[in-house]
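> Just one file: structure.cif, with mmCIF, C-alpha atoms.
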data_structure
#
loop_
_atom_site.group_PDB
_atom_site.id
_atom_site.type_symbol
_atom_site.label_atom_id
_atom_site.label_comp_id
_atom_site.auth_asym_id
_atom_site.auth_seq_id
_atom_site.Cartn_x
_atom_site.Cartn_y
_atom_site.Cartn_z
ATOM 1 C CA MET H 1 20.178 151.053 -146.093
ATOM 2 C CA ASN H 2 16.971 152.036 -144.361
ATOM 3 C CA ALA H 3 14.684 149.344 -145.794
ATOM 4 C CA ARG H 4 11.910 147.556 -143.937
ATOM 5 C CA VAL H 5 9.514 144.770 -144.790
ATOM 6 C CA LEU H 6 5.791 145.538 -144.542
ATOM 7 C CA ASP H 7 3.217 142.913 -145.511
ATOM 8 C CA GLY H 8 5.853 141.061 -147.509
ATOM 9 C CA GLU H 9 6.929 144.178 -149.440
ATOM 10 C CA ILE H 10 10.326 145.805 -149.071
ATOM 11 C CA ILE H 11 9.764 149.508 -148.425
ATOM 12 C CA THR H 12 12.876 151.668 -148.746
ATOM 13 C CA ALA H 13 11.258 154.956 -147.717
ATOM 14 C CA ARG H 14 8.036 155.826 -145.931
ATOM 15 C CA LEU H 15 7.031 158.182 -148.741
ATOM 16 C CA ASP H 16 7.291 155.338 -151.264
ATOM 17 C CA ASP H 17 4.688 153.252 -149.441
ATOM 18 C CA ILE H 18 1.335 153.620 -151.238
ATOM 19 C CA ARG H 19 -0.516 152.760 -148.015
ATOM 20 C CA ALA H 20 0.638 156.058 -146.481
ATOM 21 C CA TYR H 21 -1.727 157.869 -148.874
ATOM 22 C CA ASP H 22 -4.851 155.765 -148.392
ATOM 23 C CA GLY H 23 -7.781 158.066 -147.501
ATOM 24 C CA VAL H 24 -5.591 161.180 -147.327
ATOM 25 C CA ARG H 25 -7.894 163.323 -149.499
ATOM 26 C CA THR H 26 -10.910 162.826 -147.223
ATOM 27 C CA ARG H 27 -8.805 163.255 -144.105
ATOM 28 C CA ARG H 28 -7.401 166.531 -145.451
ATOM 29 C CA ILE H 29 -10.901 167.891 -146.010
ATOM 30 C CA PHE H 30 -12.008 167.048 -142.474
ATOM 31 C CA ALA H 31 -8.742 168.386 -141.026
ATOM 32 C CA PHE H 32 -9.341 171.652 -142.894
ATOM 33 C CA LEU H 33 -12.851 171.965 -141.436
ATOM 34 C CA ILE H 34 -11.605 171.246 -137.906
ATOM 35 C CA ASP H 35 -8.717 173.707 -138.212
ATOM 36 C CA TYR H 36 -10.891 176.540 -139.428
ATOM 37 C CA LEU H 37 -13.384 175.921 -136.674
ATOM 38 C CA ILE H 38 -10.456 176.259 -134.251
ATOM 39 C CA VAL H 39 -9.215 179.429 -136.001
ATOM 40 C CA GLY H 40 -12.738 180.853 -135.793
ATOM 41 C CA LEU H 41 -12.932 180.141 -132.076
ATOM 42 C CA ILE H 42 -9.475 181.616 -131.460
ATOM 43 C CA SER H 43 -10.492 184.736 -133.408
ATOM 44 C CA ILE H 44 -13.422 185.531 -131.093
ATOM 45 C CA PRO H 45 -11.425 187.026 -128.184
ATOM 46 C CA PHE H 46 -9.298 189.051 -130.607
ATOM 47 C CA ALA H 47 -12.449 190.279 -132.352
ATOM 48 C CA ILE H 48 -13.746 191.530 -128.999
ATOM 49 C CA VAL H 49 -10.476 193.435 -128.447
ATOM 50 C CA VAL H 50 -10.724 194.960 -131.958
ATOM 51 C CA LEU H 51 -14.372 195.881 -131.287
ATOM 52 C CA LEU H 52 -13.396 197.714 -128.099
ATOM 53 C CA LEU H 53 -10.440 199.341 -129.842
ATOM 54 C CA GLY H 54 -12.818 200.558 -132.554
ATOM 55 C CA LEU H 55 -15.112 202.085 -129.956
ATOM 56 C CA ILE H 56 -12.208 203.859 -128.267
ATOM 57 C CA THR H 57 -10.816 205.211 -131.560
ATOM 58 C CA PHE H 58 -14.225 206.259 -132.934
ATOM 59 C CA GLY H 59 -14.233 203.517 -135.571
ATOM 60 C CA LEU H 60 -10.621 203.658 -136.794
ATOM 61 C CA GLY H 61 -9.703 200.465 -134.948
ATOM 62 C CA TRP H 62 -12.356 198.521 -136.818
ATOM 63 C CA ALA H 63 -10.077 198.522 -139.876
ATOM 64 C CA LEU H 64 -8.179 195.754 -138.075
ATOM 65 C CA PHE H 65 -11.111 193.393 -138.663
ATOM 66 C CA GLY H 66 -9.845 192.920 -142.228
ATOM 67 C CA PHE H 67 -6.553 191.540 -140.931
ATOM 68 C CA LEU H 68 -7.825 189.675 -137.882
ATOM 69 C CA VAL H 69 -8.666 186.219 -139.243
ATOM 70 C CA PRO H 70 -5.707 185.975 -141.668
ATOM 71 C CA VAL H 71 -3.259 186.930 -138.911
ATOM 72 C CA VAL H 72 -4.820 184.454 -136.469
ATOM 73 C CA ALA H 73 -4.843 181.710 -139.134
ATOM 74 C CA LEU H 74 -1.229 182.281 -140.164
ATOM 75 C CA THR H 75 -0.096 182.356 -136.540
ATOM 76 C CA TYR H 76 -1.990 179.104 -135.945
ATOM 77 C CA VAL H 77 -0.335 177.504 -138.977
ATOM 78 C CA TRP H 78 3.123 178.741 -137.906
ATOM 79 C CA PHE H 79 2.853 177.178 -134.451
ATOM 80 C CA THR H 80 1.097 173.933 -135.445
ATOM 81 C CA LEU H 81 2.136 172.930 -138.964
ATOM 82 C CA GLY H 82 5.577 174.445 -138.408
ATOM 83 C CA SER H 83 6.113 172.458 -135.204
ATOM 84 C CA ALA H 84 7.994 169.182 -134.790
ATOM 85 C CA ASP H 85 4.715 167.296 -135.384
ATOM 86 C CA GLN H 86 4.378 168.909 -138.852
ATOM 87 C CA ALA H 87 0.606 168.833 -138.442
ATOM 88 C CA THR H 88 -2.150 171.191 -137.376
ATOM 89 C CA THR H 89 -4.578 170.135 -134.661
ATOM 90 C CA GLY H 90 -7.087 168.994 -137.286
ATOM 91 C CA MET H 91 -4.394 167.028 -139.090
ATOM 92 C CA LYS H 92 -3.384 165.330 -135.831
ATOM 93 C CA MET H 93 -7.009 164.380 -135.210
ATOM 94 C CA MET H 94 -7.176 162.877 -138.713
ATOM 95 C CA ASN H 95 -3.791 161.096 -138.313
ATOM 96 C CA ILE H 96 -2.062 162.910 -141.162
ATOM 97 C CA ARG H 97 1.024 165.108 -141.396
ATOM 98 C CA LEU H 98 2.872 167.197 -143.978
ATOM 99 C CA GLU H 99 6.156 165.730 -145.241
ATOM 100 C CA ARG H 100 8.746 167.343 -147.474
ATOM 101 C CA LEU H 101 9.969 165.064 -150.242
ATOM 102 C CA ASP H 102 13.572 166.129 -149.657
ATOM 103 C CA GLY H 103 13.355 164.843 -146.068
ATOM 104 C CA ARG H 104 13.874 168.181 -144.346
ATOM 105 C CA PRO H 105 11.471 169.192 -141.572
ATOM 106 C CA VAL H 106 8.672 171.683 -142.122
ATOM 107 C CA ASP H 107 9.486 174.905 -140.270
ATOM 108 C CA GLY H 108 7.216 177.848 -139.491
ATOM 109 C CA MET H 109 8.073 179.892 -142.582
ATOM 110 C CA PHE H 110 7.628 176.909 -144.905
ATOM 111 C CA ALA H 111 4.254 176.220 -143.242
ATOM 112 C CA ILE H 112 3.202 179.837 -143.895
ATOM 113 C CA VAL H 113 4.247 179.620 -147.559
ATOM 114 C CA HIS H 114 2.361 176.322 -147.893
ATOM 115 C CA SER H 115 -0.757 177.907 -146.400
ATOM 116 C CA ILE H 116 -0.567 181.036 -148.570
ATOM 117 C CA MET H 117 -0.137 178.927 -151.710
ATOM 118 C CA PHE H 118 -3.142 176.853 -150.645
ATOM 119 C CA TRP H 119 -5.316 179.966 -150.368
ATOM 120 C CA ALA H 120 -3.964 181.419 -153.626
ATOM 121 C CA GLY H 121 -4.834 178.129 -155.333
ATOM 122 C CA ASN H 122 -8.328 178.300 -153.857
ATOM 123 C CA VAL H 123 -8.842 181.818 -155.171
ATOM 124 C CA ILE H 124 -7.780 180.803 -158.676
ATOM 125 C CA LEU H 125 -9.116 177.241 -158.871
ATOM 126 C CA THR H 126 -12.040 177.151 -156.448
ATOM 127 C CA PRO H 127 -13.918 174.071 -156.507
ATOM 128 C CA LEU H 128 -11.300 172.513 -158.770
ATOM 129 C CA VAL H 129 -8.463 172.617 -156.226
ATOM 130 C CA LEU H 130 -9.080 169.020 -155.137
ATOM 131 C CA LEU H 131 -9.424 167.622 -158.675
ATOM 132 C CA ILE H 132 -5.664 167.480 -159.135
ATOM 133 C CA THR H 133 -5.490 164.952 -156.275
ATOM 134 C CA LEU H 134 -7.422 162.498 -158.443
ATOM 135 C CA PHE H 135 -4.636 162.460 -161.036
ATOM 136 C CA SER H 136 -1.426 163.241 -159.154
ATOM 137 C CA ASP H 137 0.888 160.779 -157.538
ATOM 138 C CA ARG H 138 0.536 160.537 -153.762
ATOM 139 C CA LYS H 139 -2.798 162.462 -153.934
ATOM 140 C CA ARG H 140 -0.956 165.773 -153.870
ATOM 141 C CA THR H 141 -2.600 169.135 -154.512
ATOM 142 C CA LEU H 142 -1.125 171.865 -156.712
ATOM 143 C CA HIS H 143 0.624 173.641 -153.856
ATOM 144 C CA ASP H 144 2.069 170.287 -152.718
ATOM 145 C CA LEU H 145 3.444 169.696 -156.217
ATOM 146 C CA LEU H 146 4.961 173.190 -156.377
ATOM 147 C CA LEU H 147 6.545 172.986 -152.920
ATOM 148 C CA GLY H 148 7.662 169.358 -153.009
ATOM 149 C CA THR H 149 5.481 168.122 -150.169
ATOM 150 C CA ALA H 150 3.052 165.302 -149.532
ATOM 151 C CA VAL H 151 0.483 164.655 -146.841
ATOM 152 C CA VAL H 152 0.797 161.162 -145.399
ATOM 153 C CA ARG H 153 -0.987 159.121 -142.773
ATOM 154 C CA THR H 154 0.734 158.793 -139.421
ATOM 155 C CA ASP H 155 -1.102 155.618 -138.428
ATOM 156 C CA ARG H 156 0.402 153.451 -141.174
#
Can the structure in the file be given as structure tokens, please?

Amino acid sequence: MNARVLDGEIITARLDDIRAYDGVRTRRIFAFLIDYLIVGLISIPFAIVVLLLGLITFGLGWALFGFLVPVVALTYVWFTLGSADQATTGMKMMNIRLERLDGRPVDGMFAIVHSIMFWAGNVILTPLVLLITLFSDRKRTLHDLLLGTAVVRTDR
């Protein structure tokens, strides 16, 4: 059995420990802001390339601006959230990570699906997307509930 004692309590699994979810909602919000600042900064050099491509092609290349930020963001998510750390740079700074409830690791494709479901939820439920965390177990959002994931603290 993989049980451990923490503050006098027997914890059989890390995801069962309520302390792993303390402050997760706030940390997720700040991680989101940090990550999209990073995505914005990464997008700048690519935007310059698209600008030059548009000039060379008499404006046709500028159609790529519509795809630029989503492609950069999804690539960022693939290589950060889909890595062995299972956390984006913002999530690492906030000491949180994405865990699957079935215990399997988060891979790049799963990270992309998680991100797309997050944005789809935002389109449908905008400002209400975080309200579900007030009522759900483990402070999970709708896309976490649908995908069987939870965001937990790494420092506990």
> Do you have the CA of Val106 in chain H-CA of Gln86 in chain H distance handy?
6.1 Å
> Taking all atoms listed in the file into account, which of H:Ala87, H:Arg153, H:Leu142, H:Ala111 comes nearest Leu125 in chain H?
H:Leu142
> May I have the protein, DNA and RNA residues with any atom at most 10 Å from the point (-3.3, 178.5, -155.7), counting only C-alpha atoms, written as a list in words?
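Result, sorted by chain then residue number: His114, Ser115, Ile116, Met117, Phe118, Trp119, Ala120, Gly121, Asn122, Val123, Ile124, Leu125, Thr126, Val129, Thr141, Leu142, His143 and Leu146 of chain H.
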> Find the residues of range 34-85 of chain H that sit at most 10 Å from range 91-100 of chain H; for each, write down the nearest two atoms and how far apart they are in Å, to one decimal. Count all atoms listed in the file. Sort by chain, then by number going up, and give it as a Markdown table.

| residue | atom | partner | partner_atom | distance |
| --- | --- | --- | --- | --- |
| H:Ile34 | CA | H:Met91 | CA | 8.4 |
| H:Asp35 | CA | H:Met91 | CA | 8.0 |
| H:Thr80 | CA | H:Met91 | CA | 9.5 |
| H:Leu81 | CA | H:Leu98 | CA | 7.7 |
| H:Gly82 | CA | H:Leu98 | CA | 9.5 |
| H:Asp85 | CA | H:Arg97 | CA | 7.4 |
> Take CA of Pro45 in chain H and CA of Arg27 in chain H and report the distance between them in Å, one decimal.
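These two atoms are separated by 28.7 Å.
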> Take the PyMOL selection byres ((chain H and resi 62) around 12), apply it to the structure above, and return the hits as a list in words.
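Applying the PyMOL selection byres ((chain H and resi 62) around 12) to the structure shown produces Phe46, Ala47, Ile48, Val49, Val50, Leu51, Leu52, Leu53, Gly54, Leu55, Ile56, Thr57, Phe58, Gly59, Leu60, Gly61, Ala63, Leu64, Phe65, Gly66, Phe67 and Leu68 of chain H.
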> Residues picked by the PyMOL selection byres ((chain H and resi 40) around 12) here, as a list in words?
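On the file shown, the PyMOL selection byres ((chain H and resi 40) around 12) covers Leu33, Ile34, Asp35, Tyr36, Leu37, Ile38, Val39, Leu41, Ile42, Ser43, Ile44, Pro45, Phe46, Ala47, Leu68, Val69, Pro70, Val71, Val72, Ala73 and Tyr76 of chain H.
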> How many Å separate CA of Val113 in chain H from CA of Asp155 in chain H?
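For CA of Val113 in chain H relative to CA of Asp155 in chain H, the distance reads 26.2 Å.
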> Determine the nearest neighbour of Arg28 in chain H from the options H:Ser83, H:Ser136, H:Thr75, H:Thr88, counting all atoms listed in the file.
H:Thr88
> For Asp107 in chain H, which residue out of H:Ala84, H:Ala20, H:Leu131, H:Leu74 is the nearest one, using all atoms listed in the file?
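For Asp107 in chain H, the nearest of the given residues is H:Ala84.
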> Here is a test: counting only C-alpha atoms, which residue of H:Leu15, H:Ile29, H:Ile132, H:Val77 is nearest to Asp144 in chain H?
H:Ile132
> Atoms are missing here; could range 56-79 of chain H be completed with N, CA, C and O atoms and written as a PDB file, in the coordinates of the input?

ATOM      1  N   ILE H  56     -13.084 202.854-128.883  1.00  0.00           N
ATOM      2  CA  ILE H  56     -12.208 203.859-128.267  1.00  0.00           C
ATOM      3  C   ILE H  56     -11.683 204.842-129.308  1.00  0.00           C
ATOM      4  O   ILE H  56     -11.536 206.035-129.030  1.00  0.00           O
ATOM      5  N   THR H  57     -11.406 204.357-130.510  1.00  0.00           N
ATOM      6  CA  THR H  57     -10.816 205.211-131.560  1.00  0.00           C
ATOM      7  C   THR H  57     -11.870 205.763-132.523  1.00  0.00           C
ATOM      8  O   THR H  57     -11.515 206.193-133.626  1.00  0.00           O
ATOM      9  N   PHE H  58     -13.123 205.737-132.116  1.00  0.00           N
ATOM     10  CA  PHE H  58     -14.225 206.259-132.934  1.00  0.00           C
ATOM     11  C   PHE H  58     -14.289 205.589-134.309  1.00  0.00           C
ATOM     12  O   PHE H  58     -14.498 206.244-135.324  1.00  0.00           O
ATOM     13  N   GLY H  59     -14.078 204.297-134.350  1.00  0.00           N
ATOM     14  CA  GLY H  59     -14.233 203.517-135.571  1.00  0.00           C
ATOM     15  C   GLY H  59     -12.957 203.205-136.335  1.00  0.00           C
ATOM     16  O   GLY H  59     -12.948 202.333-137.192  1.00  0.00           O
ATOM     17  N   LEU H  60     -11.864 203.913-136.053  1.00  0.00           N
ATOM     18  CA  LEU H  60     -10.621 203.658-136.794  1.00  0.00           C
ATOM     19  C   LEU H  60     -10.072 202.254-136.522  1.00  0.00           C
ATOM     20  O   LEU H  60      -9.529 201.614-137.418  1.00  0.00           O
ATOM     21  N   GLY H  61     -10.215 201.786-135.312  1.00  0.00           N
ATOM     22  CA  GLY H  61      -9.703 200.465-134.948  1.00  0.00           C
ATOM     23  C   GLY H  61     -10.408 199.324-135.649  1.00  0.00           C
ATOM     24  O   GLY H  61      -9.861 198.229-135.778  1.00  0.00           O
ATOM     25  N   TRP H  62     -11.598 199.585-136.143  1.00  0.00           N
ATOM     26  CA  TRP H  62     -12.356 198.521-136.818  1.00  0.00           C
ATOM     27  C   TRP H  62     -11.717 198.107-138.144  1.00  0.00           C
ATOM     28  O   TRP H  62     -12.046 197.064-138.694  1.00  0.00           O
ATOM     29  N   ALA H  63     -10.800 198.901-138.655  1.00  0.00           N
ATOM     30  CA  ALA H  63     -10.077 198.522-139.876  1.00  0.00           C
ATOM     31  C   ALA H  63      -9.253 197.252-139.651  1.00  0.00           C
ATOM     32  O   ALA H  63      -8.925 196.545-140.594  1.00  0.00           O
ATOM     33  N   LEU H  64      -8.949 196.965-138.393  1.00  0.00           N
ATOM     34  CA  LEU H  64      -8.179 195.754-138.075  1.00  0.00           C
ATOM     35  C   LEU H  64      -8.981 194.475-138.303  1.00  0.00           C
ATOM     36  O   LEU H  64      -8.397 193.399-138.379  1.00  0.00           O
ATOM     37  N   PHE H  65     -10.302 194.588-138.406  1.00  0.00           N
ATOM     38  CA  PHE H  65     -11.111 193.393-138.663  1.00  0.00           C
ATOM     39  C   PHE H  65     -10.707 192.721-139.977  1.00  0.00           C
ATOM     40  O   PHE H  65     -10.782 191.505-140.096  1.00  0.00           O
ATOM     41  N   GLY H  66     -10.264 193.485-140.950  1.00  0.00           N
ATOM     42  CA  GLY H  66      -9.845 192.920-142.228  1.00  0.00           C
ATOM     43  C   GLY H  66      -8.597 192.054-142.129  1.00  0.00           C
ATOM     44  O   GLY H  66      -8.375 191.178-142.957  1.00  0.00           O
ATOM     45  N   PHE H  67      -7.793 192.294-141.118  1.00  0.00           N
ATOM     46  CA  PHE H  67      -6.553 191.540-140.931  1.00  0.00           C
ATOM     47  C   PHE H  67      -6.664 190.474-139.858  1.00  0.00           C
ATOM     48  O   PHE H  67      -5.780 189.630-139.729  1.00  0.00           O
ATOM     49  N   LEU H  68      -7.711 190.507-139.073  1.00  0.00           N
ATOM     50  CA  LEU H  68      -7.825 189.675-137.882  1.00  0.00           C
ATOM     51  C   LEU H  68      -7.737 188.183-138.185  1.00  0.00           C
ATOM     52  O   LEU H  68      -6.849 187.492-137.681  1.00  0.00           O
ATOM     53  N   VAL H  69      -8.628 187.668-138.990  1.00  0.00           N
ATOM     54  CA  VAL H  69      -8.666 186.219-139.243  1.00  0.00           C
ATOM     55  C   VAL H  69      -7.419 185.744-139.994  1.00  0.00           C
ATOM     56  O   VAL H  69      -6.849 184.717-139.620  1.00  0.00           O
ATOM     57  N   PRO H  70      -6.941 186.445-141.034  1.00  0.00           N
ATOM     58  CA  PRO H  70      -5.707 185.975-141.668  1.00  0.00           C
ATOM     59  C   PRO H  70      -4.510 185.932-140.718  1.00  0.00           C
ATOM     60  O   PRO H  70      -3.720 184.992-140.757  1.00  0.00           O
ATOM     61  N   VAL H  71      -4.378 186.920-139.853  1.00  0.00           N
ATOM     62  CA  VAL H  71      -3.259 186.930-138.911  1.00  0.00           C
ATOM     63  C   VAL H  71      -3.399 185.782-137.905  1.00  0.00           C
ATOM     64  O   VAL H  71      -2.417 185.084-137.610  1.00  0.00           O
ATOM     65  N   VAL H  72      -4.599 185.569-137.401  1.00  0.00           N
ATOM     66  CA  VAL H  72      -4.820 184.454-136.469  1.00  0.00           C
ATOM     67  C   VAL H  72      -4.552 183.127-137.168  1.00  0.00           C
ATOM     68  O   VAL H  72      -3.879 182.240-136.618  1.00  0.00           O
ATOM     69  N   ALA H  73      -5.030 182.966-138.399  1.00  0.00           N
ATOM     70  CA  ALA H  73      -4.843 181.710-139.134  1.00  0.00           C
ATOM     71  C   ALA H  73      -3.367 181.455-139.426  1.00  0.00           C
ATOM     72  O   ALA H  73      -2.881 180.334-139.245  1.00  0.00           O
ATOM     73  N   LEU H  74      -2.646 182.478-139.868  1.00  0.00           N
ATOM     74  CA  LEU H  74      -1.229 182.281-140.164  1.00  0.00           C
ATOM     75  C   LEU H  74      -0.415 182.012-138.912  1.00  0.00           C
ATOM     76  O   LEU H  74       0.525 181.208-138.940  1.00  0.00           O
ATOM     77  N   THR H  75      -0.770 182.641-137.808  1.00  0.00           N
ATOM     78  CA  THR H  75      -0.096 182.356-136.540  1.00  0.00           C
ATOM     79  C   THR H  75      -0.370 180.917-136.102  1.00  0.00           C
ATOM     80  O   THR H  75       0.536 180.205-135.653  1.00  0.00           O
ATOM     81  N   TYR H  76      -1.603 180.487-136.258  1.00  0.00           N
ATOM     82  CA  TYR H  76      -1.990 179.104-135.945  1.00  0.00           C
ATOM     83  C   TYR H  76      -1.191 178.113-136.788  1.00  0.00           C
ATOM     84  O   TYR H  76      -0.651 177.131-136.280  1.00  0.00           O
ATOM     85  N   VAL H  77      -1.082 178.392-138.080  1.00  0.00           N
ATOM     86  CA  VAL H  77      -0.335 177.504-138.977  1.00  0.00           C
ATOM     87  C   VAL H  77       1.146 177.482-138.599  1.00  0.00           C
ATOM     88  O   VAL H  77       1.779 176.433-138.582  1.00  0.00           O
ATOM     89  N   TRP H  78       1.705 178.649-138.281  1.00  0.00           N
ATOM     90  CA  TRP H  78       3.123 178.741-137.906  1.00  0.00           C
ATOM     91  C   TRP H  78       3.417 177.835-136.710  1.00  0.00           C
ATOM     92  O   TRP H  78       4.398 177.091-136.715  1.00  0.00           O
ATOM     93  N   PHE H  79       2.578 177.909-135.685  1.00  0.00           N
ATOM     94  CA  PHE H  79       2.853 177.178-134.451  1.00  0.00           C
ATOM     95  C   PHE H  79       2.392 175.721-134.466  1.00  0.00           C
ATOM     96  O   PHE H  79       2.798 174.955-133.605  1.00  0.00           O
TER      97      PHE H  79
END
